[in-house]
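J.: Structure file final-v1.cif (mmCIF, C-alpha atoms and all ligand atoms) is given on the next line.
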```
data_upload
loop_
_atom_site.label_atom_id
_atom_site.label_comp_id
_atom_site.auth_asym_id
_atom_site.auth_seq_id
_atom_site.Cartn_x
_atom_site.Cartn_y
_atom_site.Cartn_z
CA MET A 1 -35.43 -9.34 24.18
CA GLN A 2 -39.03 -9.73 23.03
CA LEU A 3 -39.33 -12.36 20.31
CA THR A 4 -42.29 -12.91 17.99
CA LYS A 5 -43.82 -16.37 17.71
CA GLU A 6 -41.98 -16.97 14.47
CA GLU A 7 -38.68 -15.87 16.00
CA GLU A 8 -39.26 -18.26 18.91
CA LYS A 9 -39.74 -21.08 16.42
CA MET A 10 -36.53 -20.05 14.64
CA LEU A 11 -34.67 -20.19 17.92
CA ASP A 12 -36.18 -23.59 18.72
CA GLY A 13 -34.79 -25.02 15.50
CA GLU A 14 -38.05 -25.37 13.53
CA TYR A 15 -36.49 -23.60 10.56
CA GLY A 16 -33.28 -25.61 10.56
CA ASN A 17 -29.84 -25.51 12.07
CA ALA A 18 -28.42 -22.39 10.35
CA ILE A 19 -31.38 -20.27 11.43
CA LYS A 20 -31.28 -21.71 14.96
CA LYS A 21 -27.56 -20.89 15.27
CA SER A 22 -28.18 -17.44 13.78
CA MET A 23 -30.94 -16.71 16.26
CA GLU A 24 -28.65 -17.77 19.09
CA ILE A 25 -26.07 -15.22 17.89
CA LEU A 26 -28.64 -12.44 17.40
CA THR A 27 -30.42 -12.97 20.74
CA ALA A 28 -27.10 -13.14 22.59
CA LEU A 29 -26.05 -9.85 21.00
CA GLY A 30 -29.44 -8.33 21.69
CA ASP A 31 -29.24 -9.32 25.35
CA ILE A 32 -25.68 -7.97 25.75
CA PHE A 33 -26.56 -4.61 24.19
CA GLY A 34 -30.04 -4.29 25.69
CA ALA A 35 -32.04 -4.51 22.44
CA GLU A 36 -35.81 -4.75 22.92
CA LYS A 37 -36.49 -6.60 19.68
CA LEU A 38 -35.23 -7.65 16.28
CA ILE A 39 -35.87 -5.39 13.29
CA LYS A 40 -36.01 -6.23 9.59
CA VAL A 41 -32.97 -5.36 7.51
CA GLY A 42 -32.97 -4.39 3.84
CA SER A 43 -29.56 -5.85 3.03
CA VAL A 44 -26.44 -7.43 4.47
CA GLN A 45 -22.74 -7.06 3.70
CA ILE A 46 -20.59 -9.95 4.93
CA ALA A 47 -16.95 -9.55 5.99
CA GLY A 48 -14.52 -12.31 6.85
CA VAL A 49 -14.34 -13.73 3.34
CA SER A 50 -10.61 -14.20 2.91
CA TYR A 51 -9.30 -17.66 3.70
CA HIS A 52 -6.23 -15.79 4.95
CA ASN A 53 -8.34 -14.57 7.90
CA LEU A 54 -10.79 -17.47 8.19
CA GLY A 55 -8.43 -20.43 8.19
CA ASP A 56 -9.74 -24.00 8.28
CA ALA A 57 -11.88 -23.42 11.37
CA GLY A 58 -13.73 -20.57 9.59
CA LEU A 59 -14.19 -22.67 6.47
CA GLU A 60 -15.66 -25.54 8.53
CA PHE A 61 -18.05 -23.10 10.25
CA LEU A 62 -19.26 -21.82 6.85
CA ASP A 63 -19.62 -25.33 5.39
CA GLU A 64 -21.78 -26.34 8.32
CA LEU A 65 -24.06 -23.30 7.91
CA ALA A 66 -24.23 -23.78 4.14
CA LYS A 67 -25.93 -27.18 4.61
CA ASP A 68 -29.32 -25.57 5.21
CA GLY A 69 -28.68 -21.82 5.55
CA ARG A 70 -30.16 -19.61 2.80
CA VAL A 71 -30.12 -15.82 2.96
CA ARG A 72 -33.44 -13.95 3.10
CA VAL A 73 -32.25 -10.50 1.94
CA ILE A 74 -29.82 -9.09 -0.64
CA THR A 75 -26.42 -10.13 0.70
CA THR A 76 -23.06 -9.16 -0.73
CA LEU A 77 -19.49 -10.11 0.16
CA ASN A 78 -16.39 -8.23 1.21
CA PRO A 79 -13.09 -8.79 -0.64
CA ALA A 80 -11.67 -12.31 -0.64
CA GLY A 81 -8.01 -13.26 -0.41
CA MET A 82 -7.52 -13.32 -4.18
CA ASP A 83 -8.92 -12.41 -7.56
CA LEU A 84 -11.34 -15.29 -8.05
CA ASP A 85 -10.37 -15.68 -11.73
CA ASN A 86 -6.91 -14.20 -12.18
CA TRP A 87 -5.33 -15.29 -8.91
CA ARG A 88 -2.27 -16.81 -10.60
CA ASN A 89 -1.47 -13.42 -12.10
CA LEU A 90 -1.30 -11.99 -8.57
CA GLY A 91 1.14 -14.63 -7.33
CA ILE A 92 -1.36 -16.56 -5.17
CA SER A 93 -0.46 -20.18 -4.43
CA GLU A 94 -2.51 -23.17 -5.69
CA GLU A 95 -3.03 -24.30 -2.12
CA PHE A 96 -4.46 -20.95 -0.98
CA ALA A 97 -6.65 -20.68 -4.10
CA LYS A 98 -8.15 -24.12 -3.49
CA LYS A 99 -9.23 -23.17 0.04
CA GLN A 100 -10.45 -19.71 -0.99
CA LYS A 101 -12.64 -21.27 -3.69
CA LEU A 102 -14.21 -23.57 -1.07
CA VAL A 103 -15.04 -20.51 1.06
CA ILE A 104 -16.69 -18.83 -1.93
CA GLU A 105 -18.61 -21.99 -2.81
CA ALA A 106 -20.05 -22.11 0.72
CA PHE A 107 -21.25 -18.50 0.41
CA ARG A 108 -22.66 -19.16 -3.08
CA LYS A 109 -24.62 -22.12 -1.75
CA MET A 110 -26.19 -19.84 0.88
CA GLY A 111 -27.60 -17.64 -1.91
CA ILE A 112 -25.13 -14.81 -1.37
CA ILE A 113 -24.10 -12.67 -4.33
CA VAL A 114 -20.44 -13.47 -4.86
CA SER A 115 -19.53 -9.82 -5.28
CA CYS A 116 -16.34 -9.60 -3.15
CA THR A 117 -16.08 -5.85 -2.81
CA CYS A 118 -15.98 -3.37 0.06
CA THR A 119 -17.93 -0.87 -2.06
CA PRO A 120 -21.20 -2.83 -2.45
CA TYR A 121 -22.99 0.51 -2.88
CA LEU A 122 -21.22 0.91 -6.25
CA ILE A 123 -22.53 -2.38 -7.60
CA GLY A 124 -26.18 -2.40 -6.66
CA ASN A 125 -26.35 -3.05 -2.91
CA LEU A 126 -27.44 0.53 -2.32
CA PRO A 127 -29.68 1.16 0.70
CA ILE A 128 -31.83 4.25 1.06
CA TYR A 129 -31.89 6.96 3.73
CA GLY A 130 -33.21 5.66 7.04
CA GLU A 131 -33.16 2.00 5.98
CA HIS A 132 -32.00 -0.55 8.56
CA ILE A 133 -29.25 -2.79 7.24
CA ALA A 134 -26.70 -5.16 8.79
CA TRP A 135 -23.33 -4.51 7.24
CA ALA A 136 -19.86 -5.60 8.19
CA GLU A 137 -16.69 -3.92 6.78
CA SER A 138 -15.87 -0.71 8.57
CA SER A 139 -15.50 1.60 5.55
CA ALA A 140 -18.77 0.41 4.00
CA VAL A 141 -20.59 0.68 7.34
CA THR A 142 -19.34 4.26 7.76
CA PHE A 143 -20.31 5.14 4.17
CA ALA A 144 -23.79 3.63 4.62
CA ASN A 145 -24.42 5.45 7.91
CA SER A 146 -22.86 8.79 7.02
CA VAL A 147 -23.09 9.33 3.26
CA ILE A 148 -26.30 7.41 2.55
CA GLY A 149 -28.00 7.88 5.93
CA ALA A 150 -28.88 4.19 6.29
CA MET A 151 -28.69 2.66 9.79
CA THR A 152 -26.28 -0.10 10.72
CA ASN A 153 -23.99 -1.18 13.49
CA ARG A 154 -20.51 -2.34 12.62
CA GLU A 155 -21.29 -6.03 12.36
CA GLY A 156 -18.77 -8.83 12.60
CA GLY A 157 -18.72 -11.65 10.03
CA PRO A 158 -20.88 -14.11 12.06
CA SER A 159 -23.47 -11.53 13.17
CA ALA A 160 -23.87 -10.20 9.62
CA LEU A 161 -24.34 -13.73 8.31
CA ALA A 162 -26.86 -14.45 11.07
CA ALA A 163 -28.80 -11.31 10.07
CA ALA A 164 -28.79 -12.49 6.45
CA PHE A 165 -30.32 -15.87 7.37
CA VAL A 166 -32.95 -14.39 9.68
CA GLY A 167 -33.51 -11.16 7.71
CA LYS A 168 -33.32 -9.23 10.99
CA THR A 169 -30.87 -7.72 13.45
CA PRO A 170 -31.17 -6.66 17.11
CA MET A 171 -32.34 -3.06 17.47
CA TYR A 172 -29.58 -1.34 19.42
CA GLY A 173 -26.69 1.07 18.85
CA LEU A 174 -26.83 2.96 15.57
CA HIS A 175 -30.29 1.55 14.75
CA LEU A 176 -31.66 3.99 17.32
CA GLU A 177 -31.90 7.71 16.52
CA GLU A 178 -30.80 8.67 20.04
CA ASN A 179 -27.44 6.97 19.44
CA ARG A 180 -26.82 8.84 16.19
CA ILE A 181 -26.41 12.29 17.72
CA PRO A 182 -22.99 13.83 17.04
CA ASP A 183 -20.93 14.45 20.16
CA ILE A 184 -17.81 16.25 18.96
CA HIS A 185 -17.44 19.28 16.70
CA VAL A 186 -14.50 19.08 14.31
CA GLU A 187 -13.63 22.31 12.57
CA VAL A 188 -11.45 21.73 9.53
CA ASN A 189 -9.33 24.82 9.22
CA THR A 190 -7.30 23.86 6.20
CA GLU A 191 -7.82 23.12 2.52
CA LEU A 192 -7.74 19.51 1.39
CA LYS A 193 -5.68 19.88 -1.75
CA LYS A 194 -4.89 16.34 -2.80
CA PHE A 195 -6.93 13.16 -2.68
CA SER A 196 -4.83 11.50 0.03
CA ASP A 197 -5.45 14.53 2.30
CA TRP A 198 -8.87 12.97 2.96
CA GLY A 199 -7.17 9.89 4.40
CA ALA A 200 -4.88 12.12 6.46
CA LEU A 201 -7.93 14.05 7.70
CA GLY A 202 -9.57 10.76 8.70
CA TYR A 203 -6.42 9.90 10.61
CA CYS A 204 -6.48 13.22 12.51
CA ILE A 205 -10.18 12.99 13.35
CA GLY A 206 -10.16 9.27 14.15
CA LYS A 207 -7.28 9.69 16.59
CA ASN A 208 -8.86 12.67 18.35
CA ALA A 209 -12.53 11.72 18.25
CA SER A 210 -11.95 8.25 19.58
CA ASN A 211 -15.28 6.42 19.80
CA LYS A 212 -17.25 9.63 19.22
CA ILE A 213 -19.51 10.81 16.39
CA PRO A 214 -17.90 13.81 14.67
CA TYR A 215 -19.85 16.78 13.31
CA ILE A 216 -17.48 18.32 10.80
CA THR A 217 -17.55 21.92 9.61
CA GLY A 218 -15.29 23.87 7.25
CA ILE A 219 -15.49 21.52 4.26
CA LYS A 220 -16.99 23.09 1.16
CA GLU A 221 -17.17 20.14 -1.20
CA ALA A 222 -16.56 16.42 -1.37
CA GLY A 223 -17.11 13.85 -4.11
CA LEU A 224 -17.95 10.18 -3.72
CA GLU A 225 -14.30 9.13 -3.99
CA GLU A 226 -13.15 11.58 -1.31
CA LEU A 227 -15.96 10.53 1.01
CA LYS A 228 -15.29 6.81 0.66
CA SER A 229 -11.59 7.36 1.33
CA PHE A 230 -12.41 9.47 4.38
CA CYS A 231 -14.90 6.85 5.65
CA ALA A 232 -12.22 4.15 5.49
CA SER A 233 -9.68 6.26 7.33
CA VAL A 234 -11.75 7.92 10.06
CA VAL A 235 -13.13 4.63 11.37
CA THR A 236 -9.85 2.75 11.02
CA TYR A 237 -8.10 5.30 13.21
CA GLY A 238 -10.75 5.50 15.87
CA SER A 239 -14.10 7.25 15.51
CA LYS A 240 -17.53 5.60 15.50
CA PRO A 241 -18.73 4.51 12.03
CA LEU A 242 -20.85 7.64 11.61
CA PHE A 243 -20.08 11.30 10.99
CA TYR A 244 -21.80 14.38 9.68
CA ILE A 245 -20.30 17.00 7.38
CA LYS A 246 -22.22 20.26 7.48
CA GLY A 247 -24.04 20.89 4.23
CA ILE A 248 -22.71 17.72 2.61
CA THR A 249 -23.93 14.56 4.32
CA PRO A 250 -27.57 13.79 5.17
CA GLY A 251 -28.76 14.56 8.67
CA SER A 252 -26.21 17.35 9.19
CA GLU A 253 -29.05 19.87 8.93
CA LYS A 254 -31.07 18.36 11.77
CA HIS A 255 -28.34 18.13 14.44
CA LYS A 256 -26.95 20.91 16.62
CA ILE A 257 -23.21 21.52 16.55
CA PRO A 258 -21.77 19.76 19.66
CA LYS A 259 -20.07 21.85 22.36
CA GLU A 260 -16.88 19.78 22.62
CA LYS A 261 -14.63 21.01 19.83
CA ILE A 262 -11.36 20.17 18.12
CA THR A 263 -9.74 21.91 15.18
CA VAL A 264 -7.78 20.33 12.37
CA THR A 265 -5.13 22.58 10.84
CA LYS A 266 -2.59 22.29 8.04
CA LYS A 267 -0.04 21.36 10.71
CA ASP A 268 -2.19 18.41 11.85
CA ILE A 269 -2.51 17.11 8.29
CA LYS A 270 1.26 17.30 7.88
CA LYS A 271 1.73 15.47 11.18
CA ALA A 272 -0.64 12.73 9.98
CA TYR A 273 1.51 12.20 6.87
CA ASP A 274 4.64 12.19 9.03
CA GLU A 275 3.18 9.49 11.27
CA ILE A 276 1.75 7.34 8.50
CA ASN A 277 4.79 7.57 6.24
CA ASP A 278 7.98 5.64 6.85
CA ASP A 279 11.39 6.92 5.93
CA ILE A 280 11.94 4.96 2.70
CA ASP A 281 12.96 5.67 -0.88
CA GLU A 282 12.45 2.34 -2.64
CA ILE A 283 8.89 1.23 -3.41
CA GLU A 284 8.21 -2.42 -4.26
CA PHE A 285 4.40 -2.42 -4.32
CA VAL A 286 1.92 0.23 -5.42
CA CYS A 287 -1.68 -0.53 -4.52
CA LEU A 288 -4.61 1.70 -5.49
CA GLY A 289 -8.30 1.18 -4.83
CA CYS A 290 -8.76 1.11 -1.07
CA PRO A 291 -11.75 1.20 -0.69
CA HIS A 292 -12.28 -0.54 -4.03
CA ALA A 293 -11.81 1.86 -6.93
CA SER A 294 -14.71 3.53 -8.70
CA ILE A 295 -14.74 3.86 -12.48
CA LYS A 296 -13.76 7.53 -12.07
CA GLU A 297 -10.64 6.60 -10.10
CA ILE A 298 -9.72 3.97 -12.69
CA SER A 299 -10.11 6.53 -15.47
CA GLN A 300 -7.69 8.83 -13.60
CA ILE A 301 -5.18 6.01 -13.14
CA ALA A 302 -5.37 5.17 -16.86
CA GLU A 303 -4.92 8.82 -17.80
CA LEU A 304 -1.77 9.09 -15.67
CA LEU A 305 -0.34 5.79 -16.93
CA LYS A 306 -0.88 6.51 -20.63
CA ASP A 307 2.38 5.95 -22.56
CA LYS A 308 4.26 5.09 -19.33
CA LYS A 309 5.89 1.87 -18.19
CA ILE A 310 5.76 0.57 -14.63
CA SER A 311 9.19 -0.31 -13.25
CA SER A 312 10.05 -4.01 -13.44
CA ASN A 313 10.88 -3.79 -9.71
CA VAL A 314 7.36 -2.74 -8.81
CA GLU A 315 4.14 -4.77 -8.49
CA PHE A 316 1.20 -2.50 -9.32
CA TRP A 317 -2.40 -3.38 -8.35
CA VAL A 318 -5.70 -1.67 -8.95
CA CYS A 319 -8.17 -3.20 -6.51
CA THR A 320 -11.81 -3.06 -7.54
CA SER A 321 -14.95 -5.12 -8.02
CA LYS A 322 -15.48 -7.32 -11.08
CA THR A 323 -18.44 -5.14 -12.04
CA VAL A 324 -16.43 -1.90 -12.10
CA LYS A 325 -13.59 -3.70 -13.91
CA GLN A 326 -16.08 -4.63 -16.66
CA LEU A 327 -16.87 -0.94 -17.13
CA SER A 328 -13.14 -0.30 -17.26
CA ASP A 329 -12.77 -2.98 -19.98
CA ILE A 330 -15.47 -1.34 -22.07
CA ARG A 331 -13.96 2.13 -21.70
CA GLY A 332 -10.47 0.90 -22.62
CA TYR A 333 -8.90 1.83 -19.26
CA THR A 334 -7.98 -1.79 -18.49
CA LYS A 335 -5.89 -2.05 -21.62
CA ILE A 336 -3.97 1.16 -20.87
CA ILE A 337 -3.22 0.03 -17.32
CA GLU A 338 -2.20 -3.49 -18.37
CA VAL A 339 -0.04 -2.30 -21.27
CA ALA A 340 1.81 -0.11 -18.76
CA GLY A 341 2.47 -3.24 -16.68
CA GLY A 342 -0.27 -2.83 -14.05
CA LYS A 343 -2.58 -5.58 -12.80
CA PHE A 344 -6.20 -5.59 -11.81
CA ALA A 345 -6.79 -7.23 -8.44
CA CYS A 346 -10.54 -7.77 -8.55
CA ASP A 347 -12.36 -9.34 -5.58
CA THR A 348 -9.43 -8.72 -3.21
CA CYS A 349 -7.26 -6.07 -1.63
CA MET A 350 -3.97 -5.24 0.08
CA ALA A 351 -5.35 -6.05 3.54
CA VAL A 352 -6.89 -9.47 2.91
CA ALA A 353 -4.64 -11.00 0.24
CA PRO A 354 -1.82 -13.19 1.64
CA LEU A 355 0.93 -10.60 1.07
CA LYS A 356 3.03 -10.96 4.21
CA GLY A 357 6.69 -11.26 3.33
CA ARG A 358 6.25 -10.48 -0.38
CA PHE A 359 6.98 -6.75 -0.36
CA LYS A 360 8.97 -4.57 1.97
CA SER A 361 7.25 -1.32 1.01
CA VAL A 362 3.97 -0.04 -0.37
CA ALA A 363 2.77 3.27 -1.79
CA THR A 364 -0.95 4.00 -1.80
CA THR A 365 -3.52 6.79 -1.73
CA SER A 366 -5.26 5.13 1.23
CA ALA A 367 -4.56 5.83 4.90
CA LYS A 368 -6.49 2.68 5.79
CA GLY A 369 -4.33 0.73 3.34
CA CYS A 370 -1.24 2.03 5.14
CA PHE A 371 -2.64 0.95 8.52
CA TYR A 372 -3.18 -2.65 7.41
CA SER A 373 -0.05 -2.90 5.30
CA ARG A 374 2.04 -1.88 8.26
CA GLY A 375 0.10 -3.70 10.98
CA HIS A 376 -0.79 -6.95 9.21
CA ASN A 377 1.83 -7.26 6.52
CA ASN A 378 4.90 -5.60 8.03
CA MET A 379 5.37 -3.27 5.07
CA MET A 380 6.87 0.21 5.22
CA THR A 381 4.26 2.65 3.99
CA LYS A 382 3.92 5.81 1.92
CA LEU A 383 0.63 7.67 1.67
CA GLY A 384 0.40 10.10 -1.21
CA SER A 385 -1.56 11.50 -4.11
CA LEU A 386 -2.42 9.46 -7.17
CA GLU A 387 0.29 11.32 -9.08
CA GLU A 388 2.90 10.48 -6.42
CA CYS A 389 1.88 6.81 -6.42
CA ILE A 390 2.01 6.56 -10.22
CA ASN A 391 5.43 8.21 -10.16
CA ALA A 392 6.58 5.66 -7.58
CA ALA A 393 5.26 2.85 -9.79
CA VAL A 394 7.17 4.11 -12.80
CA THR A 395 10.45 4.91 -11.06
CA GLY A 396 10.41 2.46 -8.15
CA LYS A 397 11.24 5.43 -5.91
CA TRP A 398 9.28 7.74 -3.66
CA SER A 399 10.03 11.37 -4.34
FE1 LIG A 401 -11.63 -2.28 1.22
FE2 LIG A 401 -9.53 -3.71 1.70
FE3 LIG A 401 -9.36 -1.12 1.84
S1 LIG A 401 -11.58 -4.14 2.38
S2 LIG A 401 -11.38 -0.49 2.50
S3 LIG A 401 -9.77 -2.30 -0.02
S4 LIG A 401 -8.38 -2.53 3.20
#
```
Please render this file's structure as structure tokens.

T.:
Amino acid sequence: MQLTKEEEKMLDGEYGNAIKKSMEILTALGDIFGAEKLIKVGSVQIAGVSYHNLGDAGLEFLDELAKDGRVRVITTLNPAGMDLDNWRNLGISEEFAKKQKLVIEAFRKMGIIVSCTCTPYLIGNLPIYGEHIAWAESSAVTFANSVIGAMTNREGGPSALAAAFVGKTPMYGLHLEENRIPDIHVEVNTELKKFSDWGALGYCIGKNASNKIPYITGIKEAGLEELKSFCASVVTYGSKPLFYIKGITPGSEKHKIPKEKITVTKKDIKKAYDEINDDIDEIEFVCLGCPHASIKEISQIAELLKDKKISSNVEFWVCTSKTVKQLSDIRGYTKIIEVAGGKFACDTCMAVAPLKGRFKSVATTSAKGCFYSRGHNNMMTKLGSLEECINAAVTGKWS
């Protein structure tokens, strides 16, 4: 890879240890993937924030970098393992909280915005069309590439952090136009009636378009919430973190429809539900906001919970960012949800909080949430509409 004089100096350690280590990561990646050079990035999203995933080795790595590492571009954080303020309310242990706070302190020292959300685009880290960025977190990467039209690979925690310190990333993969051409046509031949159908659709496409870029036709409309849910699901279950929806997402107008074709029918959507859902009646945990809830989703949750009481056998979380929760406070949604017995889980989520062994079953609107709850936390899963999840929260049963 061709380096500028300044980049050479960075690699030689003239700008300190964190930048030297970062350049080692970036040049190694660049060499592996055949990048010609580094390019400037407009922003970075860091994943690998939960102490649950990092452990002591990860914390030590961050502490070392925090000694002299300072980010050069807007950098935000993925969810942590707990609500940074109300962790006790979520049943997090003192021991875990102590370690998680040390992780956050290391990031804060580096100049990173302690945002802890997988929807950074809802709280001000919003790139523009065509902008190069270096984001980790698969759903956010897919949203940035597909819905915004920004350009990013699916970074890992260390490579995203390295890009933040250097302000650059190797130019390969989805930073190159020639790698952003769709290579499979997906015709959606069924109506998406409920919100969770978008997660089921992501499941169908992800499984069948494994490691390909889908060009999707047959969808007439999609809102932000539907798109973010679809982004989370399609990449979790297998496709590349980029898709086009004809007439809806940017860039769909400039690409030809690929020859290879698959069709998604009503039967496929039903099969997706059958495969995601376990055969259970009792629900112990209801978790909404995966990806982190928007203010519109929270307003819908509040509307459905008005004058209802969540079953004492059910733990109910709304996962979102602190910023969106503040809007919810102002609008009065928080009070409605809390009076009903629900909890806000800001800064965290069902995949990265230490939940293993706490609940046997979970109901959610998120297909990605089901994947991680089953795979990481051994829970039985139910994917359903917001109405079905609220009903499960109130009755403790899936019906
Ligand atoms: Fe976000 Fe966690 Fe879901 S990171 S996409 S809320 S699994």

J.: Could you tell me how far atom CA of Ser373 of chain A lies from atom CA of Cys287 of chain A, in Å and to one decimal?

T.: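 Calculated distance between atom CA of Ser373 of chain A and atom CA of Cys287 of chain A is 10.2 Å.
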
J.: Select, from A:Val264, A:Ile32, A:Ala351, A:Ile248, the residue with the minimum atom-to-atom distance to ligand LIG 401 (chain A), counting all atoms listed in the file.

T.: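 Nearest to ligand LIG 401 (chain A): A:Ala351.
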
J.: Compare A:Thr320, A:Ile184, A:Cys204, A:Gly199 by their minimum atom-to-atom distance to His255 of chain A, counting all atoms listed in the file, and give me the closest one.

T.: A:Ile184

J.: Give the answer as one residue: which of A:Pro291, A:Gly48, A:Pro158, A:Gly124 has the shortest atom-to-atom distance to Ala18 of chain A, using all atoms listed in the file?

T.: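 Ranked by minimum distance to Ala18 of chain A, first place goes to A:Pro158.
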
J.: Taking 3 positions as the minimum chain separation for residues in the same chain, which residues sit within 7 Å of segment 173-181 of chain A when counting only C-alpha atoms? Answer as a PyMOL selection string.

T.: chain A and resi 132+151-153+255

J.: For Glu24 of chain A, which residue out of A:Leu122, A:Ala163, A:Leu386, A:Ala272 is the nearest one, using only C-alpha atoms?

T.: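 The answer is A:Ala163, which sits nearest to Glu24 of chain A.
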
J.: Please, what distance in Å, to one decimal, runs between atom CA of Cys231 of chain A and atom FE3 of ligand LIG 401 (chain A)?

T.: 10.4 Å

J.: Around ligand LIG 401 (chain A), out to 10 Å and counting all atoms listed in the file, which residues are there? I want them as an MDAnalysis selection string.

T.: chainID A and resid 47:48 78:81 116:119 137:140 228:229 231:233 236 287:293 318:321 347:353 366:373

J.: How far is it from atom CA of Glu131 of chain A to atom CA of Ala150 of chain A, in Å with one decimal?

T.: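 Calculated distance between atom CA of Glu131 of chain A and atom CA of Ala150 of chain A is 4.8 Å.
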
J.: From the list A:Asn17, A:Thr265, A:Thr365, A:Thr217, which residue is nearest Asn189 of chain A when using all atoms listed in the file?

T.: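 For Asn189 of chain A, the nearest of the given residues is A:Thr265.
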
J.: Supply segment 227-233 of chain A as an mmCIF file, keeping the file's coordinate frame, with all heavy atoms built in where the input has gaps.

T.:
```
data_model
loop_
_atom_site.group_PDB
_atom_site.id
_atom_site.type_symbol
_atom_site.label_atom_id
_atom_site.label_comp_id
_atom_site.auth_asym_id
_atom_site.auth_seq_id
_atom_site.Cartn_x
_atom_site.Cartn_y
_atom_site.Cartn_z
ATOM 1 N N LEU A 227 -15.190 10.978 -0.158
ATOM 2 C CA LEU A 227 -15.960 10.530 1.010
ATOM 3 C C LEU A 227 -15.659 9.076 1.350
ATOM 4 O O LEU A 227 -15.513 8.708 2.514
ATOM 5 C CB LEU A 227 -17.459 10.739 0.771
ATOM 6 C CG LEU A 227 -17.902 12.209 0.810
ATOM 7 C CD1 LEU A 227 -19.324 12.350 0.300
ATOM 8 C CD2 LEU A 227 -17.791 12.783 2.219
ATOM 9 N N LYS A 228 -15.540 8.228 0.329
ATOM 10 C CA LYS A 228 -15.290 6.810 0.660
ATOM 11 C C LYS A 228 -13.887 6.640 1.243
ATOM 12 O O LYS A 228 -13.674 5.838 2.139
ATOM 13 C CB LYS A 228 -15.609 5.881 -0.506
ATOM 14 C CG LYS A 228 -14.588 5.697 -1.587
ATOM 15 C CD LYS A 228 -15.108 4.669 -2.616
ATOM 16 C CE LYS A 228 -14.303 4.699 -3.896
ATOM 17 N NZ LYS A 228 -12.923 4.272 -3.768
ATOM 18 N N SER A 229 -12.943 7.429 0.776
ATOM 19 C CA SER A 229 -11.590 7.360 1.330
ATOM 20 C C SER A 229 -11.596 7.844 2.791
ATOM 21 O O SER A 229 -10.993 7.228 3.670
ATOM 22 C CB SER A 229 -10.652 8.229 0.490
ATOM 23 O OG SER A 229 -9.380 8.235 1.064
ATOM 24 N N PHE A 230 -12.312 8.923 3.028
ATOM 25 C CA PHE A 230 -12.410 9.470 4.380
ATOM 26 C C PHE A 230 -13.101 8.470 5.326
ATOM 27 O O PHE A 230 -12.654 8.256 6.454
ATOM 28 C CB PHE A 230 -13.170 10.800 4.342
ATOM 29 C CG PHE A 230 -13.392 11.393 5.696
ATOM 30 C CD1 PHE A 230 -12.337 11.919 6.416
ATOM 31 C CD2 PHE A 230 -14.661 11.411 6.268
ATOM 32 C CE1 PHE A 230 -12.530 12.454 7.692
ATOM 33 C CE2 PHE A 230 -14.866 11.932 7.537
ATOM 34 C CZ PHE A 230 -13.795 12.455 8.246
ATOM 35 N N CYS A 231 -14.186 7.851 4.832
ATOM 36 C CA CYS A 231 -14.900 6.850 5.650
ATOM 37 C C CYS A 231 -13.954 5.753 6.105
ATOM 38 O O CYS A 231 -13.957 5.344 7.266
ATOM 39 C CB CYS A 231 -16.029 6.200 4.832
ATOM 40 S SG CYS A 231 -17.456 7.244 4.596
ATOM 41 N N ALA A 232 -13.137 5.259 5.175
ATOM 42 C CA ALA A 232 -12.220 4.150 5.490
ATOM 43 C C ALA A 232 -11.230 4.583 6.563
ATOM 44 O O ALA A 232 -10.950 3.843 7.503
ATOM 45 C CB ALA A 232 -11.496 3.699 4.237
ATOM 46 N N SER A 233 -10.736 5.795 6.435
ATOM 47 C CA SER A 233 -9.680 6.260 7.330
ATOM 48 C C SER A 233 -10.209 6.623 8.720
ATOM 49 O O SER A 233 -9.651 6.200 9.736
ATOM 50 C CB SER A 233 -9.002 7.468 6.676
ATOM 51 O OG SER A 233 -8.074 8.015 7.536
#
```
